[in-house]
Amino acid sequence: MSHIFDWLFAQYQDIPTYLVVLEMIGVIFTILSVWYSKRENILVYPTGLVATGIYVYILLEFSLLGDMLINAYYFVMSLIGWYLWTRKVDETHFIPITKTTLKEKQWSALFFISAIIFVFLVYYAFDKYNTWTAYVDTITTAIFFVGMWLMAKKKLENWIYWIIGDIITVPLYWYKGLIFSSILFAVLTIIAIYGYKAWKKNLNKSPQTLLR
């Protein structure tokens, strides 16, 4: 077991200690945020704000511009989602989980394409298309962009985007040396699968509380 930990921390030998600490804090708050989302708990947003704020800084340091931008977008959408989730359909019930409509699917496709174009232009402007990770990062950014938008609207399909994006991100972060974050996304993939199942059971049900 000690050999595993030695190898794990050896991946961070050239990385400043404060970045390692920040990454671990970000990992903890990200897991909390996704766990609360699975439970349809409003605490998904304050914990998410902490996690995304940390990752914006870390990803900038590692030149993963696409993921940095998507975390900045998460930060803004967390504020919007916080508001949307607390809207009520009547005096005692909050908005329910629903499936995406045809129009929302069309918007999702438009957002996906727009995100790819935007991130491509950012990478191109900063001359960062010098490794295969930049191209993968562009795709995952677009996937997560749509996933976050659908989560803020409490759409069941948001979990599908998270699952696909998480699976792709695991080897990406591992290759970049963000070992803890790579393990994090492996864990998030599992939570997202259960999140989809939990939300499907509560489909079209209006909760009376967002703290459970």
# chains A, B, ... in the order shown; residues from 1 in each chain; ligands from 1
>>> residues_around(residues="region 180-185 of chain A", least_positions_apart="3", cutoff="8 Å", atoms="only C-alpha atoms", output="list of chain:residue names")
A:Glu23, A:Met24, A:Val27, A:Ile31, A:Asp166, A:Ile167, A:Thr169, A:Val170, A:Pro171, A:Leu172, A:Tyr173, A:Trp174, A:Leu188, A:Thr189
>>> write_last_selection(atoms="all heavy atoms", output="short mmCIF file (atom, residue, chain, number, x, y, z; two decimals), in the first residue's frame")
data_model
loop_
_atom_site.label_atom_id
_atom_site.label_comp_id
_atom_site.auth_asym_id
_atom_site.auth_seq_id
_atom_site.Cartn_x
_atom_site.Cartn_y
_atom_site.Cartn_z
N GLU A 23 -6.26 21.39 -4.88
CA GLU A 23 -6.90 20.34 -5.67
C GLU A 23 -7.67 19.38 -4.77
O GLU A 23 -8.80 18.99 -5.09
CB GLU A 23 -5.86 19.56 -6.48
CG GLU A 23 -6.50 18.53 -7.40
CD GLU A 23 -5.49 17.62 -8.07
OE1 GLU A 23 -4.27 17.78 -7.83
OE2 GLU A 23 -5.91 16.72 -8.82
N MET A 24 -7.09 19.01 -3.62
CA MET A 24 -7.75 18.09 -2.71
C MET A 24 -9.03 18.70 -2.14
O MET A 24 -10.05 18.03 -2.00
CB MET A 24 -6.79 17.68 -1.60
CG MET A 24 -5.60 16.85 -2.10
SD MET A 24 -4.42 16.39 -0.81
CE MET A 24 -5.38 15.16 0.07
N VAL A 27 -11.57 18.63 -4.85
CA VAL A 27 -12.09 17.27 -5.01
C VAL A 27 -13.20 17.00 -4.00
O VAL A 27 -14.27 16.49 -4.35
CB VAL A 27 -10.95 16.24 -4.84
CG1 VAL A 27 -11.53 14.84 -4.62
CG2 VAL A 27 -10.04 16.24 -6.06
N ILE A 31 -17.22 16.35 -4.96
CA ILE A 31 -17.94 15.14 -4.60
C ILE A 31 -19.20 15.49 -3.81
O ILE A 31 -20.28 14.94 -4.06
CB ILE A 31 -17.05 14.19 -3.78
CG1 ILE A 31 -15.93 13.60 -4.67
CG2 ILE A 31 -17.86 13.05 -3.17
CD1 ILE A 31 -14.94 12.74 -3.92
N ASP A 166 -17.47 12.64 -17.82
CA ASP A 166 -16.62 12.12 -16.74
C ASP A 166 -15.72 10.99 -17.23
O ASP A 166 -14.53 10.92 -16.90
CB ASP A 166 -17.48 11.62 -15.57
CG ASP A 166 -18.17 12.75 -14.83
OD1 ASP A 166 -17.76 13.91 -15.00
OD2 ASP A 166 -19.11 12.47 -14.06
N ILE A 167 -16.30 10.08 -18.01
CA ILE A 167 -15.54 8.93 -18.52
C ILE A 167 -14.36 9.40 -19.38
O ILE A 167 -13.25 8.87 -19.28
CB ILE A 167 -16.46 7.99 -19.32
CG1 ILE A 167 -17.44 7.28 -18.38
CG2 ILE A 167 -15.64 6.96 -20.10
CD1 ILE A 167 -18.50 6.46 -19.10
N THR A 169 -12.91 12.36 -19.20
CA THR A 169 -12.00 13.20 -18.41
C THR A 169 -11.04 12.39 -17.55
O THR A 169 -9.93 12.86 -17.26
CB THR A 169 -12.82 14.16 -17.51
OG1 THR A 169 -13.66 14.96 -18.35
CG2 THR A 169 -11.91 15.08 -16.70
N VAL A 170 -11.42 11.19 -17.15
CA VAL A 170 -10.55 10.36 -16.29
C VAL A 170 -9.16 10.19 -16.89
O VAL A 170 -8.15 10.55 -16.26
CB VAL A 170 -11.19 8.99 -16.00
CG1 VAL A 170 -10.18 8.08 -15.31
CG2 VAL A 170 -12.42 9.15 -15.11
N PRO A 171 -9.02 9.67 -18.12
CA PRO A 171 -7.67 9.53 -18.69
C PRO A 171 -7.01 10.86 -19.04
O PRO A 171 -5.78 10.97 -19.00
CB PRO A 171 -7.90 8.68 -19.95
CG PRO A 171 -9.32 8.93 -20.31
CD PRO A 171 -10.04 9.10 -19.01
N LEU A 172 -7.81 11.87 -19.35
CA LEU A 172 -7.26 13.19 -19.68
C LEU A 172 -6.51 13.79 -18.50
O LEU A 172 -5.36 14.23 -18.62
CB LEU A 172 -8.38 14.14 -20.12
CG LEU A 172 -7.99 15.61 -20.32
CD1 LEU A 172 -7.00 15.74 -21.48
CD2 LEU A 172 -9.23 16.46 -20.57
N TYR A 173 -7.16 13.80 -17.34
CA TYR A 173 -6.53 14.38 -16.15
C TYR A 173 -5.37 13.53 -15.65
O TYR A 173 -4.38 14.05 -15.14
CB TYR A 173 -7.57 14.55 -15.03
CG TYR A 173 -8.38 15.82 -15.16
CD1 TYR A 173 -8.46 16.50 -16.37
CD2 TYR A 173 -9.08 16.34 -14.08
CE1 TYR A 173 -9.20 17.66 -16.49
CE2 TYR A 173 -9.82 17.51 -14.19
CZ TYR A 173 -9.88 18.16 -15.40
OH TYR A 173 -10.60 19.32 -15.52
N TRP A 174 -5.50 12.21 -15.81
CA TRP A 174 -4.40 11.32 -15.41
C TRP A 174 -3.15 11.63 -16.22
O TRP A 174 -2.05 11.74 -15.69
CB TRP A 174 -4.81 9.87 -15.61
CG TRP A 174 -3.89 8.87 -14.98
CD1 TRP A 174 -2.69 8.43 -15.47
CD2 TRP A 174 -4.07 8.22 -13.71
NE1 TRP A 174 -2.12 7.52 -14.61
CE2 TRP A 174 -2.95 7.37 -13.52
CE3 TRP A 174 -5.06 8.24 -12.75
CZ2 TRP A 174 -2.81 6.58 -12.38
CZ3 TRP A 174 -4.93 7.44 -11.63
CH2 TRP A 174 -3.82 6.62 -11.46
N LEU A 188 -17.04 10.31 -9.70
CA LEU A 188 -18.19 11.08 -10.17
C LEU A 188 -18.99 10.30 -11.22
O LEU A 188 -20.21 10.45 -11.30
CB LEU A 188 -17.73 12.41 -10.76
CG LEU A 188 -17.10 13.42 -9.79
CD1 LEU A 188 -16.78 14.72 -10.51
CD2 LEU A 188 -18.01 13.68 -8.59
N THR A 189 -18.30 9.50 -12.00
CA THR A 189 -19.00 8.67 -12.99
C THR A 189 -19.97 7.72 -12.30
O THR A 189 -21.13 7.57 -12.74
CB THR A 189 -17.99 7.84 -13.82
OG1 THR A 189 -17.06 8.73 -14.46
CG2 THR A 189 -18.71 7.02 -14.88
#
>>> closest_atom_pairs(of="region 101-133 of chain A", to="region 59-80 of chain A", cutoff="10 Å", atoms="only C-alpha atoms", output="JSON lines")
{"residue": "A:Ala115", "atom": "CA", "partner": "A:Ile70", "partner_atom": "CA", "distance": 9.2}
{"residue": "A:Ile116", "atom": "CA", "partner": "A:Gly66", "partner_atom": "CA", "distance": 9.2}
{"residue": "A:Phe118", "atom": "CA", "partner": "A:Gly66", "partner_atom": "CA", "distance": 9.2}
{"residue": "A:Val119", "atom": "CA", "partner": "A:Gly66", "partner_atom": "CA", "distance": 5.7}
{"residue": "A:Phe120", "atom": "CA", "partner": "A:Gly66", "partner_atom": "CA", "distance": 8.4}
{"residue": "A:Val122", "atom": "CA", "partner": "A:Leu65", "partner_atom": "CA", "distance": 7.6}
{"residue": "A:Tyr123", "atom": "CA", "partner": "A:Leu65", "partner_atom": "CA", "distance": 7.0}
{"residue": "A:Phe126", "atom": "CA", "partner": "A:Leu65", "partner_atom": "CA", "distance": 9.3}
{"residue": "A:Lys128", "atom": "CA", "partner": "A:Ser63", "partner_atom": "CA", "distance": 8.0}
{"residue": "A:Thr133", "atom": "CA", "partner": "A:Leu64", "partner_atom": "CA", "distance": 8.4}
>>> write_last_selection(atoms="N, CA, C and O atoms", output="PDB file, in the first residue's frame")
ATOM      1  N   ALA A 115     -20.253  25.842 -28.006  1.00  0.00           N
ATOM      2  CA  ALA A 115     -19.181  25.685 -27.019  1.00  0.00           C
ATOM      3  C   ALA A 115     -17.898  25.184 -27.685  1.00  0.00           C
ATOM      4  O   ALA A 115     -16.802  25.656 -27.366  1.00  0.00           O
ATOM      5  N   ILE A 116     -18.027  24.246 -28.609  1.00  0.00           N
ATOM      6  CA  ILE A 116     -16.858  23.734 -29.324  1.00  0.00           C
ATOM      7  C   ILE A 116     -16.173  24.861 -30.100  1.00  0.00           C
ATOM      8  O   ILE A 116     -14.948  25.019 -30.063  1.00  0.00           O
ATOM      9  N   PHE A 118     -16.384  28.111 -29.565  1.00  0.00           N
ATOM     10  CA  PHE A 118     -15.836  29.101 -28.644  1.00  0.00           C
ATOM     11  C   PHE A 118     -14.505  28.645 -28.046  1.00  0.00           C
ATOM     12  O   PHE A 118     -13.524  29.388 -28.028  1.00  0.00           O
ATOM     13  N   VAL A 119     -14.478  27.409 -27.542  1.00  0.00           N
ATOM     14  CA  VAL A 119     -13.255  26.888 -26.918  1.00  0.00           C
ATOM     15  C   VAL A 119     -12.137  26.755 -27.961  1.00  0.00           C
ATOM     16  O   VAL A 119     -10.969  27.040 -27.679  1.00  0.00           O
ATOM     17  N   PHE A 120     -12.508  26.341 -29.180  1.00  0.00           N
ATOM     18  CA  PHE A 120     -11.513  26.240 -30.254  1.00  0.00           C
ATOM     19  C   PHE A 120     -10.860  27.593 -30.497  1.00  0.00           C
ATOM     20  O   PHE A 120      -9.627  27.692 -30.634  1.00  0.00           O
ATOM     21  N   VAL A 122     -10.607  30.073 -28.414  1.00  0.00           N
ATOM     22  CA  VAL A 122      -9.780  30.452 -27.261  1.00  0.00           C
ATOM     23  C   VAL A 122      -8.424  29.762 -27.338  1.00  0.00           C
ATOM     24  O   VAL A 122      -7.372  30.402 -27.181  1.00  0.00           O
ATOM     25  N   TYR A 123      -8.432  28.446 -27.585  1.00  0.00           N
ATOM     26  CA  TYR A 123      -7.173  27.706 -27.704  1.00  0.00           C
ATOM     27  C   TYR A 123      -6.329  28.235 -28.863  1.00  0.00           C
ATOM     28  O   TYR A 123      -5.113  28.369 -28.758  1.00  0.00           O
ATOM     29  N   PHE A 126      -4.650  31.617 -28.076  1.00  0.00           N
ATOM     30  CA  PHE A 126      -3.521  31.507 -27.151  1.00  0.00           C
ATOM     31  C   PHE A 126      -2.465  30.501 -27.629  1.00  0.00           C
ATOM     32  O   PHE A 126      -1.529  30.200 -26.904  1.00  0.00           O
ATOM     33  N   LYS A 128      -2.572  27.246 -28.078  1.00  0.00           N
ATOM     34  CA  LYS A 128      -2.472  26.121 -27.146  1.00  0.00           C
ATOM     35  C   LYS A 128      -2.791  24.771 -27.785  1.00  0.00           C
ATOM     36  O   LYS A 128      -2.809  23.760 -27.100  1.00  0.00           O
ATOM     37  N   THR A 133      -4.365  16.680 -25.832  1.00  0.00           N
ATOM     38  CA  THR A 133      -5.261  16.961 -24.708  1.00  0.00           C
ATOM     39  C   THR A 133      -6.124  18.193 -24.963  1.00  0.00           C
ATOM     40  O   THR A 133      -7.235  18.286 -24.457  1.00  0.00           O
TER      41      THR A 133
END
>>> atom_distance(atom1="CA of Ile193 (chain A)", atom2="CA of Arg39 (chain A)")
12.7 Å
>>> closest_residue(among="A:Tyr18, A:Trp85, A:Phe94, A:Trp35", to="Ala152 (chain A)", atoms="only C-alpha atoms")
A:Trp85
>>> select_by_dssp(residues="region 5-211 of chain A", states="helix (DSSP H, G or I)", output="VMD selection string")
chain A and resid 5 to 10 17 to 38 44 to 61 65 to 85 102 to 125 132 to 152 158 to 176 179 to 201
>>> closest_residue(among="A:Ile163, A:Leu19, A:Ile95, A:Ala142", to="Leu203 (chain A)", atoms="only C-alpha atoms")
A:Ile95
>>> residues_around(residues="Ile25 (chain A)", least_positions_apart="6", cutoff="10 Å", atoms="only C-alpha atoms", output="ChimeraX atom specification")
/A:19,50-51,54-55
>>> write_last_selection(atoms="N, CA, C and O atoms", output="mmCIF file, in the first residue's frame")
data_model
loop_
_atom_site.group_PDB
_atom_site.id
_atom_site.type_symbol
_atom_site.label_atom_id
_atom_site.label_comp_id
_atom_site.auth_asym_id
_atom_site.auth_seq_id
_atom_site.Cartn_x
_atom_site.Cartn_y
_atom_site.Cartn_z
ATOM 1 N N LEU A 19 -0.953 24.100 -4.592
ATOM 2 C CA LEU A 19 -1.843 23.639 -5.664
ATOM 3 C C LEU A 19 -2.391 22.245 -5.366
ATOM 4 O O LEU A 19 -3.550 21.944 -5.668
ATOM 5 N N VAL A 50 -17.867 26.679 -4.397
ATOM 6 C CA VAL A 50 -16.532 26.563 -3.814
ATOM 7 C C VAL A 50 -15.624 25.739 -4.730
ATOM 8 O O VAL A 50 -14.496 26.143 -5.051
ATOM 9 N N ALA A 51 -16.134 24.586 -5.174
ATOM 10 C CA ALA A 51 -15.343 23.681 -6.017
ATOM 11 C C ALA A 51 -14.949 24.334 -7.333
ATOM 12 O O ALA A 51 -13.788 24.276 -7.752
ATOM 13 N N ILE A 54 -12.271 27.096 -7.085
ATOM 14 C CA ILE A 54 -10.923 26.528 -6.914
ATOM 15 C C ILE A 54 -10.380 25.992 -8.240
ATOM 16 O O ILE A 54 -9.233 26.239 -8.611
ATOM 17 N N TYR A 55 -11.239 25.273 -8.976
ATOM 18 C CA TYR A 55 -10.772 24.648 -10.213
ATOM 19 C C TYR A 55 -10.500 25.655 -11.329
ATOM 20 O O TYR A 55 -9.677 25.389 -12.213
#
>>> closest_residue(among="A:Val34, A:Thr138, A:Leu49, A:Val44", to="Ile190 (chain A)", atoms="only C-alpha atoms")
A:Val34
>>> residues_around(residues="Trp159 (chain A)", least_positions_apart="5", cutoff="9 Å", atoms="only C-alpha atoms", output="MDAnalysis selection string")
chainID A and resid 147 150:151 164 192:193 195:196 199
>>> closest_residue(among="A:Ile97, A:Val56, A:Val146, A:Ile139", to="Pro207 (chain A)", atoms="only C-alpha atoms")
A:Ile97
>>> atom_distance(atom1="CA of Glu40 (chain A)", atom2="CA of Pro96 (chain A)")
9.8 Å
>>> residues_around(residues="Lys200 (chain A)", least_positions_apart="2", cutoff="10 Å", atoms="only C-alpha atoms", output="list in words")
Ile97, Thr98, Lys99, Lys155, Leu156, Glu157, Tyr194, Gly195, Tyr196, Lys197, Ala198, Asn202, Leu203, Asn204 and Lys205 of chain A
